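The next block is my_file-v7.pdb, given as PDB, C-alpha atoms.
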ATOM      1  CA  TRP A   1     194.438 184.229 123.392
ATOM      2  CA  GLY A   2     194.396 187.773 124.719
ATOM      3  CA  CYS A   3     198.173 188.002 124.728
ATOM      4  CA  ASP A   4     198.833 188.661 121.047
ATOM      5  CA  TYR A   5     202.110 186.749 121.263
ATOM      6  CA  PRO A   6     203.130 184.777 118.147
ATOM      7  CA  ASP A   7     203.260 181.043 118.780
ATOM      8  CA  ASP A   8     206.434 180.707 116.722
ATOM      9  CA  ARG A   9     208.178 182.736 119.438
ATOM     10  CA  ILE A  10     207.226 180.174 122.114
ATOM     11  CA  ASP A  11     209.243 177.044 122.861
ATOM     12  CA  ILE A  12     206.333 174.595 122.760
ATOM     13  CA  GLN A  13     208.579 171.643 123.610
ATOM     14  CA  SER A  14     209.574 173.275 126.894
ATOM     15  CA  LEU A  15     205.891 173.536 127.842
ATOM     16  CA  TYR A  16     205.384 169.893 126.909
ATOM     17  CA  GLU A  17     208.286 168.810 129.136
ATOM     18  CA  LEU A  18     206.997 171.026 131.945
ATOM     19  CA  GLY A  19     203.561 169.415 131.659
ATOM     20  CA  LYS A  20     204.996 165.888 131.772
ATOM     21  CA  THR A  21     206.830 166.638 135.021
ATOM     22  CA  CYS A  22     203.781 168.237 136.632
ATOM     23  CA  PHE A  23     201.689 165.226 135.608
ATOM     24  CA  LYS A  24     204.254 162.851 137.096
ATOM     25  CA  GLU A  25     204.230 164.850 140.346
ATOM     26  CA  SER A  26     200.391 164.992 140.387
ATOM     27  CA  LEU A  27     200.833 168.750 140.513
ATOM     28  CA  GLY A  28     197.601 170.084 139.071
ATOM     29  CA  LEU A  29     196.152 173.583 139.262
ATOM     30  CA  SER A  30     192.595 174.839 138.906
ATOM     31  CA  VAL A  31     192.555 178.515 138.026
ATOM     32  CA  SER A  32     189.539 180.808 138.058
ATOM     33  CA  ILE A  33     190.266 183.951 136.038
ATOM     34  CA  ASN A  34     187.558 186.345 137.164
ATOM     35  CA  SER A  35     189.367 189.658 137.395
ATOM     36  CA  SER A  36     191.283 191.890 135.020
ATOM     37  CA  SER A  37     195.041 191.444 135.071
ATOM     38  CA  THR A  38     197.943 191.120 132.649
ATOM     39  CA  VAL A  39     198.813 187.770 131.111
ATOM     40  CA  LYS A  40     202.299 188.057 132.605
ATOM     41  CA  GLU A  41     200.879 188.391 136.117
ATOM     42  CA  TYR A  42     198.816 185.223 135.691
ATOM     43  CA  LEU A  43     201.754 183.343 134.201
ATOM     44  CA  ASN A  44     204.060 184.422 137.025
ATOM     45  CA  LYS A  45     201.522 183.270 139.599
ATOM     46  CA  ILE A  46     201.173 179.877 137.928
ATOM     47  CA  LEU A  47     204.959 179.536 137.684
ATOM     48  CA  LYS A  48     205.333 180.360 141.363
ATOM     49  CA  HIS A  49     202.840 177.627 142.253
ATOM     50  CA  ILE A  50     204.773 175.013 140.271
ATOM     51  CA  ASN A  51     208.226 176.461 141.042
ATOM     52  CA  GLY A  52     209.069 177.349 137.471
ATOM     53  CA  VAL A  53     210.522 180.214 135.452
ATOM     54  CA  MET A  54     210.113 181.672 131.973
ATOM     55  CA  TYR A  55     212.807 183.441 130.002
ATOM     56  CA  ASP A  56     213.944 184.293 126.483
ATOM     57  CA  ASN A  57     216.317 181.519 125.499
ATOM     58  CA  PRO A  58     219.654 183.052 124.390
ATOM     59  CA  LYS A  59     220.156 180.235 121.870
ATOM     60  CA  THR A  60     216.749 180.207 120.174
ATOM     61  CA  GLY A  61     215.314 183.616 121.046
ATOM     62  CA  LYS A  62     212.077 181.853 122.057
ATOM     63  CA  LEU A  63     210.065 182.273 125.242
ATOM     64  CA  THR A  64     211.036 179.184 127.213
ATOM     65  CA  PHE A  65     209.571 177.595 130.347
ATOM     66  CA  LYS A  66     211.435 175.528 132.908
ATOM     67  CA  LEU A  67     210.725 173.930 136.271
ATOM     68  CA  ILE A  68     213.236 174.374 139.103
ATOM     69  CA  ARG A  69     213.952 170.847 140.246
ATOM     70  CA  ASN A  70     216.785 168.645 141.475
ATOM     71  CA  ASP A  71     217.290 167.347 137.940
ATOM     72  CA  PHE A  72     220.888 168.197 137.061
ATOM     73  CA  ASP A  73     224.269 166.491 137.124
ATOM     74  CA  ILE A  74     226.650 168.520 139.278
ATOM     75  CA  GLU A  75     229.563 167.326 137.119
ATOM     76  CA  LYS A  76     228.022 168.792 133.960
ATOM     77  CA  ILE A  77     226.759 172.219 135.040
ATOM     78  CA  PRO A  78     228.779 175.410 134.218
ATOM     79  CA  LYS A  79     231.615 176.090 136.655
ATOM     80  CA  PHE A  80     232.728 179.569 137.696
ATOM     81  CA  THR A  81     236.017 180.318 139.472
ATOM     82  CA  PRO A  82     238.481 183.241 139.585
ATOM     83  CA  SER A  83     239.814 181.900 136.291
ATOM     84  CA  ASN A  84     236.705 182.895 134.328
ATOM     85  CA  CYS A  85     234.882 185.523 136.401
ATOM     86  CA  GLU A  86     235.534 188.694 138.406
ATOM     87  CA  ASN A  87     233.872 191.311 140.607
ATOM     88  CA  MET A  88     232.363 188.630 142.827
ATOM     89  CA  GLN A  89     229.843 190.044 145.326
ATOM     90  CA  PHE A  90     228.701 187.593 148.017
ATOM     91  CA  THR A  91     226.097 188.077 150.759
ATOM     92  CA  ARG A  92     224.278 185.771 153.144
ATOM     93  CA  LEU A  93     221.083 186.376 155.089
ATOM     94  CA  ASP A  94     221.167 186.485 158.870
ATOM     95  CA  TRP A  95     219.171 183.893 160.816
ATOM     96  CA  THR A  96     216.969 186.725 162.080
ATOM     97  CA  GLU A  97     215.795 187.227 158.491
ATOM     98  CA  THR A  98     214.540 183.657 158.139
ATOM     99  CA  THR A  99     211.076 182.184 158.668
ATOM    100  CA  SER A 100     210.096 179.258 160.881
ATOM    101  CA  ALA A 101     206.614 178.532 159.480
ATOM    102  CA  ILE A 102     204.744 178.881 156.187
ATOM    103  CA  ASN A 103     200.954 179.245 156.065
ATOM    104  CA  VAL A 104     199.534 178.548 152.591
ATOM    105  CA  GLN A 105     195.956 179.450 151.766
ATOM    106  CA  PHE A 106     194.424 177.254 149.074
ATOM    107  CA  THR A 107     191.061 176.501 147.469
ATOM    108  CA  ASP A 108     189.850 173.251 149.028
ATOM    109  CA  ALA A 109     187.888 171.074 146.601
ATOM    110  CA  ASN A 110     186.816 168.801 149.469
ATOM    111  CA  TYR A 111     184.956 171.656 151.156
ATOM    112  CA  LYS A 112     182.963 173.249 148.323
ATOM    113  CA  TYR A 113     186.034 175.124 147.100
ATOM    114  CA  GLU A 114     186.166 177.287 150.187
ATOM    115  CA  GLN A 115     189.465 178.696 151.370
ATOM    116  CA  SER A 116     191.516 176.448 153.648
ATOM    117  CA  THR A 117     195.033 176.623 155.014
ATOM    118  CA  VAL A 118     197.973 174.307 155.582
ATOM    119  CA  ILE A 119     200.877 175.164 157.853
ATOM    120  CA  VAL A 120     204.388 173.716 157.741
ATOM    121  CA  GLN A 121     206.792 174.463 160.580
ATOM    122  CA  ASP A 122     210.561 174.225 161.023
ATOM    123  CA  MET A 123     211.230 173.684 164.712
ATOM    124  CA  ALA A 124     214.986 173.566 164.094
ATOM    125  CA  ASN A 125     214.732 177.175 162.916
ATOM    126  CA  VAL A 126     212.862 178.079 166.109
ATOM    127  CA  MET A 127     215.586 176.472 168.233
ATOM    128  CA  ILE A 128     218.319 178.350 166.367
ATOM    129  CA  THR A 129     216.640 181.761 166.264
ATOM    130  CA  HIS A 130     214.707 181.489 169.559
ATOM    131  CA  ASN A 131     211.824 183.007 167.662
ATOM    132  CA  TYR A 132     208.677 181.857 165.852
ATOM    133  CA  SER A 133     208.089 183.709 162.606
ATOM    134  CA  GLU A 134     205.200 182.731 160.316
ATOM    135  CA  SER A 135     204.698 183.852 156.726
ATOM    136  CA  GLN A 136     201.422 183.648 154.811
ATOM    137  CA  GLU A 137     201.537 182.664 151.131
ATOM    138  CA  ASP A 138     198.971 182.547 148.347
ATOM    139  CA  GLY A 139     198.224 179.051 147.062
ATOM    140  CA  THR A 140     194.727 179.673 145.705
ATOM    141  CA  TYR A 141     195.440 177.835 142.442
ATOM    142  CA  TYR A 142     195.753 174.595 144.431
ATOM    143  CA  THR A 143     192.608 172.589 145.166
ATOM    144  CA  VAL A 144     194.281 169.636 146.917
ATOM    145  CA  ALA A 145     195.758 169.885 150.406
ATOM    146  CA  GLU A 146     198.709 167.613 149.558
ATOM    147  CA  SER A 147     199.874 169.936 146.772
ATOM    148  CA  ALA A 148     199.472 173.004 148.982
ATOM    149  CA  LYS A 149     201.478 171.301 151.729
ATOM    150  CA  ALA A 150     204.271 170.367 149.309
ATOM    151  CA  TYR A 151     204.343 173.987 148.154
ATOM    152  CA  ALA A 152     204.561 175.200 151.753
ATOM    153  CA  GLN A 153     207.419 172.793 152.453
ATOM    154  CA  LEU A 154     209.345 174.024 149.412
ATOM    155  CA  LEU A 155     208.849 177.649 150.439
ATOM    156  CA  LEU A 156     209.985 176.870 153.975
ATOM    157  CA  THR A 157     213.119 175.156 152.690
ATOM    158  CA  THR A 158     214.001 178.484 151.085
ATOM    159  CA  ALA A 159     212.721 180.818 153.808
ATOM    160  CA  GLY A 160     213.903 178.808 156.810
ATOM    161  CA  TYR A 161     217.611 178.944 156.025
ATOM    162  CA  PRO A 162     219.874 181.997 155.521
ATOM    163  CA  LEU A 163     220.566 181.494 151.843
ATOM    164  CA  ALA A 164     223.529 183.120 150.143
ATOM    165  CA  THR A 165     223.283 185.258 147.033
ATOM    166  CA  LEU A 166     226.019 186.358 144.697
ATOM    167  CA  SER A 167     226.676 188.324 141.539
ATOM    168  CA  PHE A 168     229.692 188.395 139.267
ATOM    169  CA  THR A 169     230.918 189.218 135.793
ATOM    170  CA  THR A 170     232.102 186.475 133.497
ATOM    171  CA  ASN A 171     233.104 186.079 129.849
ATOM    172  CA  ARG A 172     231.403 184.512 126.813
ATOM    173  CA  TYR A 173     231.804 181.129 128.497
ATOM    174  CA  ALA A 174     228.349 181.857 129.916
ATOM    175  CA  TYR A 175     226.767 182.789 126.579
ATOM    176  CA  ASP A 176     224.042 180.160 126.983
ATOM    177  CA  VAL A 177     223.480 180.348 130.741
ATOM    178  CA  ALA A 178     219.834 181.155 131.420
ATOM    179  CA  ILE A 179     217.564 182.009 134.335
ATOM    180  CA  GLY A 180     216.867 178.914 136.414
ATOM    181  CA  ASP A 181     220.109 177.143 135.492
ATOM    182  CA  ALA A 182     222.199 175.505 138.186
ATOM    183  CA  ILE A 183     225.845 176.625 138.288
ATOM    184  CA  LEU A 184     228.833 175.565 140.373
ATOM    185  CA  VAL A 185     230.842 178.350 142.027
ATOM    186  CA  SER A 186     234.236 178.209 143.748
ATOM    187  CA  TRP A 187     235.512 181.421 145.354
ATOM    188  CA  ILE A 188     237.699 180.576 148.333
ATOM    189  CA  PRO A 189     238.004 184.128 149.804
ATOM    190  CA  TYR A 190     234.259 183.925 150.545
ATOM    191  CA  GLY A 191     234.450 180.366 151.800
ATOM    192  CA  VAL A 192     232.692 179.108 148.688
ATOM    193  CA  ASP A 193     234.151 175.863 147.373
ATOM    194  CA  LYS A 194     232.131 173.893 144.810
ATOM    195  CA  GLN A 195     228.797 175.333 145.883
ATOM    196  CA  VAL A 196     225.683 175.100 143.715
ATOM    197  CA  PHE A 197     223.729 178.264 142.972
ATOM    198  CA  ARG A 198     220.627 178.886 140.881
ATOM    199  CA  VAL A 199     220.711 181.721 138.330
ATOM    200  CA  THR A 200     218.122 184.435 139.007
ATOM    201  CA  ASP A 201     219.183 187.037 136.436
ATOM    202  CA  VAL A 202     221.491 187.307 133.419
ATOM    203  CA  ASP A 203     222.671 190.436 131.621
ATOM    204  CA  TYR A 204     224.293 189.293 128.389
ATOM    205  CA  GLY A 205     225.693 192.764 127.726
ATOM    206  CA  ARG A 206     227.169 193.448 124.302
ATOM    207  CA  LEU A 207     228.889 190.951 122.080
ATOM    208  CA  LEU A 208     231.932 193.174 121.537
ATOM    209  CA  SER A 209     232.497 193.876 125.237
ATOM    210  CA  GLY A 210     232.284 190.198 126.104
ATOM    211  CA  GLY A 211     231.146 190.743 129.687
ATOM    212  CA  ILE A 212     228.150 188.830 131.050
ATOM    213  CA  LYS A 213     226.685 189.652 134.474
ATOM    214  CA  ILE A 214     225.076 186.868 136.480
ATOM    215  CA  ALA A 215     223.096 186.961 139.723
ATOM    216  CA  ALA A 216     222.307 183.745 141.589
ATOM    217  CA  VAL A 217     220.982 182.348 144.859
ATOM    218  CA  GLU A 218     222.078 179.274 146.787
ATOM    219  CA  ASP A 219     220.287 176.195 145.451
ATOM    220  CA  VAL A 220     218.037 174.572 148.061
ATOM    221  CA  PHE A 221     218.223 171.182 146.345
ATOM    222  CA  SER A 222     221.988 170.977 146.657
ATOM    223  CA  PHE A 223     222.827 171.352 150.335
ATOM    224  CA  ASP A 224     224.134 167.773 150.349
ATOM    225  CA  LYS A 225     226.115 168.265 147.128
ATOM    226  CA  SER A 226     227.895 171.525 147.919
ATOM    227  CA  THR A 227     231.062 172.001 149.950
ATOM    228  CA  ASN A 228     232.429 175.152 151.525
ATOM    229  CA  VAL A 229     235.033 176.455 153.945
ATOM    230  CA  PRO A 230     233.146 177.258 157.189
ATOM    231  CA  GLU A 231     236.012 179.164 158.802
ATOM    232  CA  LEU A 232     235.966 181.648 155.932
ATOM    233  CA  ALA A 233     232.247 181.628 155.188
ATOM    234  CA  PHE A 234     231.270 182.609 158.706
ATOM    235  CA  GLY A 235     234.286 184.700 159.590
ATOM    236  CA  VAL A 236     235.692 182.393 162.275
TER
END
Output the file's structure as structure tokens, nothing else.
Amino acid sequence: WGCDYPDDRIDIQSLYELGKTCFKESLGLSVSINSSSTVKEYLNKILKHINGVMYDNPKTGKLTFKLIRNDFDIEKIPKFTPSNCENMQFTRLDWTETTSAINVQFTDANYKYEQSTVIVQDMANVMITHNYSESQEDGTYYTVAESAKAYAQLLLTTAGYPLATLSFTTNRYAYDVAIGDAILVSWIPYGVDKQVFRVTDVDYGRLLSGGIKIAAVEDVFSFDKSTNVPELAFGV
């Protein structure tokens, strides 16, 4: 309602699967829509709360929803190496660009739905950076402190470590790779050897040219699954 988007263009099954996972995780939201905004802005805010994405599925052409979770088999995800991609651009944040604490403001149902806060800290980050840096995040769609705290912890996992990002061009091998997918990348000159990244953007280009551009960020769920070459990755 209010979006004027045909329901036959929406992958209903993906929403059903998303709902099942949120139910299993006891991840509920209570949203008060009392101001004028676009549907997309509300959807993006909800997806940020539950750590999900929406995208047009390249296979079906339907608007599809997906949660970003540790729910993949590293042996089955797409693999990218110099044999099937080129123009690899690799960057990594500096520790000075990381955050040592996340402050999430949420709507507390236990206190008459007044605003409360939860704070999660990473003291290891403080010891490494010799600095305390706190970031404030919006969690107003949460009404339970436990959910807000889990959200803060997830955000800190991302913000408290200097994640790597990369972009590259590949061939039609990646025709069905979508935003939110986990991929395995090996690019030894950058010290990357079987490292898991999460796709953040895909440009499918033109069918005749065959080139597909992918941007991705280091996957926070896969630190224990990935391997790299430290001497090369950190320039030692």
For this session: Identify the residues around (212.3, 172.1, 161.8) within a radius of 12 Å, measuring from all atoms listed in the file in the coordinates stated by the file, and give them as a PyMOL selection string.
Result: chain A and resi 99-102+120-129+132+153+156-157+159-161
Apply the PyMOL selection byres ((chain A and resi 9-11) around 6) to the displayed file and report the matching residues as a PDB file with C-alpha atoms, keeping the file's coordinate frame.
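The resulting file, result.pdb, is reproduced below:
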ATOM      1  CA  PRO A   6     203.130 184.777 118.147  1.00  0.00           C
ATOM      2  CA  ASP A   7     203.260 181.043 118.780  1.00  0.00           C
ATOM      3  CA  ASP A   8     206.434 180.707 116.722  1.00  0.00           C
ATOM      4  CA  ILE A  12     206.333 174.595 122.760  1.00  0.00           C
ATOM      5  CA  GLN A  13     208.579 171.643 123.610  1.00  0.00           C
ATOM      6  CA  SER A  14     209.574 173.275 126.894  1.00  0.00           C
ATOM      7  CA  LYS A  62     212.077 181.853 122.057  1.00  0.00           C
ATOM      8  CA  LEU A  63     210.065 182.273 125.242  1.00  0.00           C
ATOM      9  CA  THR A  64     211.036 179.184 127.213  1.00  0.00           C
TER      10      THR A  64
END
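In this model, the gap between CA of Phe80 in chain A and CA of Tyr190 in chain A comes to 13.7 Å.
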Problem set entry | A:Leu29, A:Ala109, A:Met88, A:Ile46 ranked by distance to Ala216 in chain A, top pick (using only C-alpha atoms) |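 When distances to Ala216 in chain A are compared using only C-alpha atoms, the smallest one comes from A:Met88.
Proximity to Ala152 in chain A was assessed for A:His49, A:His130, A:Arg69, A:Ser36 counting all atoms listed in the file; the smallest distance is recorded for A:His49.
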For this session: Decode the PyMOL selection byres ((chain A and resi 211) around 6) for the given file into explicit residues and return them as a list in words.
Result: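 Checked against the file, the PyMOL selection byres ((chain A and resi 211) around 6) matches Thr170, Asn171, Ser209, Gly210 and Ile212 of chain A.
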Exercise. So which one's closest to Cys3 in chain A, A:Cys85, A:Ala145, A:Ile33, A:Leu43? Using only C-alpha atoms, please.
Worked result: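 When distances to Cys3 in chain A are compared using only C-alpha atoms, the smallest one comes from A:Leu43.
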Problem set entry | Reference answer for the PyMOL selection byres ((chain A and resi 107) around 7), as an MDAnalysis selection string | chainID A and resid 106 108:109 113:116 140:143
For this session: Could you check which of A:Phe23, A:Phe221, A:Tyr173, A:Tyr5 is closest to Tyr204 in chain A, using only C-alpha atoms?
Result: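 Going through A:Phe23, A:Phe221, A:Tyr173, A:Tyr5 one by one, the smallest distance to Tyr204 in chain A is for A:Tyr173.
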Problem set entry | Residue with smallest distance to Asp94 in chain A - pool A:Leu163, A:Gly205, A:Gln195, A:Phe223, counting all atoms listed in the file |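 The closest residue to Asp94 in chain A is A:Leu163.
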For this session: Find the residues near range 75-79 of chain A: any atom within 7 Å, counting only C-alpha atoms, skip ones fewer than 6 places away on the same chain, and give them as a VMD selection string.
Result: chain A and resid 182 to 185
Exercise. Which residue out of A:Pro58, A:Ser32, A:Gln89, A:Pro82 has the minimum interatomic distance to Ile188 in chain A when all atoms listed in the file are used?
Worked result: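 Closest to Ile188 in chain A, using all atoms listed in the file: A:Pro82.
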Incomplete range 137-148 of chain A brought to all heavy atoms, written out as a PDB file, in the frame of the given file:
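Result went into selection_10.pdb, see below:
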ATOM      1  N   GLU A 137     201.317 182.702 152.575  1.00  0.00           N
ATOM      2  CA  GLU A 137     201.537 182.664 151.131  1.00  0.00           C
ATOM      3  C   GLU A 137     200.252 182.304 150.397  1.00  0.00           C
ATOM      4  O   GLU A 137     199.394 181.587 150.926  1.00  0.00           O
ATOM      5  CB  GLU A 137     202.626 181.645 150.780  1.00  0.00           C
ATOM      6  CG  GLU A 137     203.993 181.946 151.384  1.00  0.00           C
ATOM      7  CD  GLU A 137     204.661 183.163 150.780  1.00  0.00           C
ATOM      8  OE1 GLU A 137     204.260 183.551 149.658  1.00  0.00           O
ATOM      9  OE2 GLU A 137     205.582 183.710 151.411  1.00  0.00           O
ATOM     10  N   ASP A 138     200.148 182.788 149.180  1.00  0.00           N
ATOM     11  CA  ASP A 138     198.971 182.547 148.347  1.00  0.00           C
ATOM     12  C   ASP A 138     199.129 181.253 147.559  1.00  0.00           C
ATOM     13  O   ASP A 138     200.027 181.114 146.740  1.00  0.00           O
ATOM     14  CB  ASP A 138     198.782 183.729 147.388  1.00  0.00           C
ATOM     15  CG  ASP A 138     197.596 183.540 146.456  1.00  0.00           C
ATOM     16  OD1 ASP A 138     196.754 182.663 146.746  1.00  0.00           O
ATOM     17  OD2 ASP A 138     197.506 184.265 145.455  1.00  0.00           O
ATOM     18  N   GLY A 139     198.228 180.304 147.809  1.00  0.00           N
ATOM     19  CA  GLY A 139     198.224 179.051 147.062  1.00  0.00           C
ATOM     20  C   GLY A 139     196.848 178.765 146.499  1.00  0.00           C
ATOM     21  O   GLY A 139     196.441 177.605 146.413  1.00  0.00           O
ATOM     22  N   THR A 140     196.131 179.815 146.107  1.00  0.00           N
ATOM     23  CA  THR A 140     194.727 179.673 145.705  1.00  0.00           C
ATOM     24  C   THR A 140     194.534 178.861 144.432  1.00  0.00           C
ATOM     25  O   THR A 140     193.413 178.415 144.157  1.00  0.00           O
ATOM     26  CB  THR A 140     194.079 181.063 145.509  1.00  0.00           C
ATOM     27  OG1 THR A 140     194.903 181.848 144.639  1.00  0.00           O
ATOM     28  CG2 THR A 140     193.945 181.779 146.835  1.00  0.00           C
ATOM     29  N   TYR A 141     195.584 178.648 143.645  1.00  0.00           N
ATOM     30  CA  TYR A 141     195.440 177.835 142.442  1.00  0.00           C
ATOM     31  C   TYR A 141     195.462 176.343 142.767  1.00  0.00           C
ATOM     32  O   TYR A 141     195.173 175.516 141.902  1.00  0.00           O
ATOM     33  CB  TYR A 141     196.541 178.149 141.441  1.00  0.00           C
ATOM     34  CG  TYR A 141     196.398 179.484 140.743  1.00  0.00           C
ATOM     35  CD1 TYR A 141     197.348 179.919 139.825  1.00  0.00           C
ATOM     36  CD2 TYR A 141     195.307 180.318 140.991  1.00  0.00           C
ATOM     37  CE1 TYR A 141     197.219 181.139 139.180  1.00  0.00           C
ATOM     38  CE2 TYR A 141     195.175 181.543 140.356  1.00  0.00           C
ATOM     39  CZ  TYR A 141     196.134 181.945 139.447  1.00  0.00           C
ATOM     40  OH  TYR A 141     196.018 183.158 138.807  1.00  0.00           O
ATOM     41  N   TYR A 142     195.804 175.992 144.003  1.00  0.00           N
ATOM     42  CA  TYR A 142     195.753 174.595 144.431  1.00  0.00           C
ATOM     43  C   TYR A 142     194.355 174.261 144.944  1.00  0.00           C
ATOM     44  O   TYR A 142     193.714 175.077 145.617  1.00  0.00           O
ATOM     45  CB  TYR A 142     196.750 174.327 145.566  1.00  0.00           C
ATOM     46  CG  TYR A 142     198.194 174.414 145.162  1.00  0.00           C
ATOM     47  CD1 TYR A 142     199.028 175.362 145.727  1.00  0.00           C
ATOM     48  CD2 TYR A 142     198.736 173.538 144.229  1.00  0.00           C
ATOM     49  CE1 TYR A 142     200.367 175.442 145.364  1.00  0.00           C
ATOM     50  CE2 TYR A 142     200.069 173.613 143.861  1.00  0.00           C
ATOM     51  CZ  TYR A 142     200.873 174.571 144.437  1.00  0.00           C
ATOM     52  OH  TYR A 142     202.194 174.653 144.076  1.00  0.00           O
ATOM     53  N   THR A 143     193.904 173.042 144.640  1.00  0.00           N
ATOM     54  CA  THR A 143     192.608 172.589 145.166  1.00  0.00           C
ATOM     55  C   THR A 143     192.763 171.316 145.989  1.00  0.00           C
ATOM     56  O   THR A 143     191.783 170.768 146.472  1.00  0.00           O
ATOM     57  CB  THR A 143     191.625 172.325 144.011  1.00  0.00           C
ATOM     58  OG1 THR A 143     192.178 171.355 143.119  1.00  0.00           O
ATOM     59  CG2 THR A 143     191.321 173.604 143.253  1.00  0.00           C
ATOM     60  N   VAL A 144     193.995 170.852 146.148  1.00  0.00           N
ATOM     61  CA  VAL A 144     194.281 169.636 146.917  1.00  0.00           C
ATOM     62  C   VAL A 144     195.263 169.977 148.033  1.00  0.00           C
ATOM     63  O   VAL A 144     196.292 170.619 147.792  1.00  0.00           O
ATOM     64  CB  VAL A 144     194.875 168.537 146.010  1.00  0.00           C
ATOM     65  CG1 VAL A 144     195.195 167.284 146.817  1.00  0.00           C
ATOM     66  CG2 VAL A 144     193.911 168.203 144.873  1.00  0.00           C
ATOM     67  N   ALA A 145     194.942 169.538 149.237  1.00  0.00           N
ATOM     68  CA  ALA A 145     195.758 169.885 150.406  1.00  0.00           C
ATOM     69  C   ALA A 145     197.188 169.379 150.280  1.00  0.00           C
ATOM     70  O   ALA A 145     198.133 170.060 150.700  1.00  0.00           O
ATOM     71  CB  ALA A 145     195.113 169.327 151.675  1.00  0.00           C
ATOM     72  N   GLU A 146     197.365 168.181 149.672  1.00  0.00           N
ATOM     73  CA  GLU A 146     198.709 167.613 149.558  1.00  0.00           C
ATOM     74  C   GLU A 146     199.620 168.509 148.709  1.00  0.00           C
ATOM     75  O   GLU A 146     200.795 168.688 149.028  1.00  0.00           O
ATOM     76  CB  GLU A 146     198.647 166.210 148.948  1.00  0.00           C
ATOM     77  CG  GLU A 146     198.071 165.141 149.862  1.00  0.00           C
ATOM     78  CD  GLU A 146     196.544 165.208 149.978  1.00  0.00           C
ATOM     79  OE1 GLU A 146     195.924 166.005 149.234  1.00  0.00           O
ATOM     80  OE2 GLU A 146     195.985 164.470 150.807  1.00  0.00           O
ATOM     81  N   SER A 147     199.070 169.054 147.636  1.00  0.00           N
ATOM     82  CA  SER A 147     199.874 169.936 146.772  1.00  0.00           C
ATOM     83  C   SER A 147     200.208 171.233 147.494  1.00  0.00           C
ATOM     84  O   SER A 147     201.328 171.740 147.400  1.00  0.00           O
ATOM     85  CB  SER A 147     199.113 170.245 145.480  1.00  0.00           C
ATOM     86  OG  SER A 147     198.925 169.078 144.715  1.00  0.00           O
ATOM     87  N   ALA A 148     199.234 171.771 148.228  1.00  0.00           N
ATOM     88  CA  ALA A 148     199.472 173.004 148.982  1.00  0.00           C
ATOM     89  C   ALA A 148     200.523 172.786 150.066  1.00  0.00           C
ATOM     90  O   ALA A 148     201.370 173.650 150.313  1.00  0.00           O
ATOM     91  CB  ALA A 148     198.167 173.493 149.602  1.00  0.00           C
TER      92      ALA A 148
END
